[in-house]
Every structure is written in structure tokens, then in C-alpha cells.
Amino acid sequence: LRIVASGTPVLGVADPVPVRADPRYDAGVRAYRGLQESFVFSALQTHVAVPGREAAVLVGNHLRPWL
């Protein structure tokens, strides 16, 4: 056995994942709800402030092997 980092829940879910009631998501729900109900995903998003574009590129390049 091995540990695997996965963006999807291994066991899935019993019910469709609720989508927040917000005008920003309405078009996506209408266009992709069938996909959303058959595919479950998880994500983690982290925001980090860096002092400019050049620093952001350097940080991204440094982290690339782990992303």
C-alpha cells in the first residue's frame, strides 16, 4: 500500500455536492451540472503575497516539483 495525494475523494459521495447560491455560479451550474453530479473533486487554494511578478515567477518555479 502507498499513500497517494488525490484531488478526488476516494470513496465518492452519496449525494450531489451543493453549489452555493450565487449569481457568479449560476451559469456554471446550468452548463455543467451534469458533470458536477457525476464527478466529485476537492481542492485547496492558498493565497500568498509576493513583492512583484518576478518574485512570483521565482516562487512558482521553486514550488513546481510539488504542485
# chains A, B, ... in the order shown; residues from 1 in each chain; ligands from 1
$ residues_around --residues "stretch 29-32 of chain A" --least-positions-apart "5" --cutoff "10 Å" --atoms "only C-alpha atoms" --output "PyMOL selection string"
chain A and resi 19-21+24+37
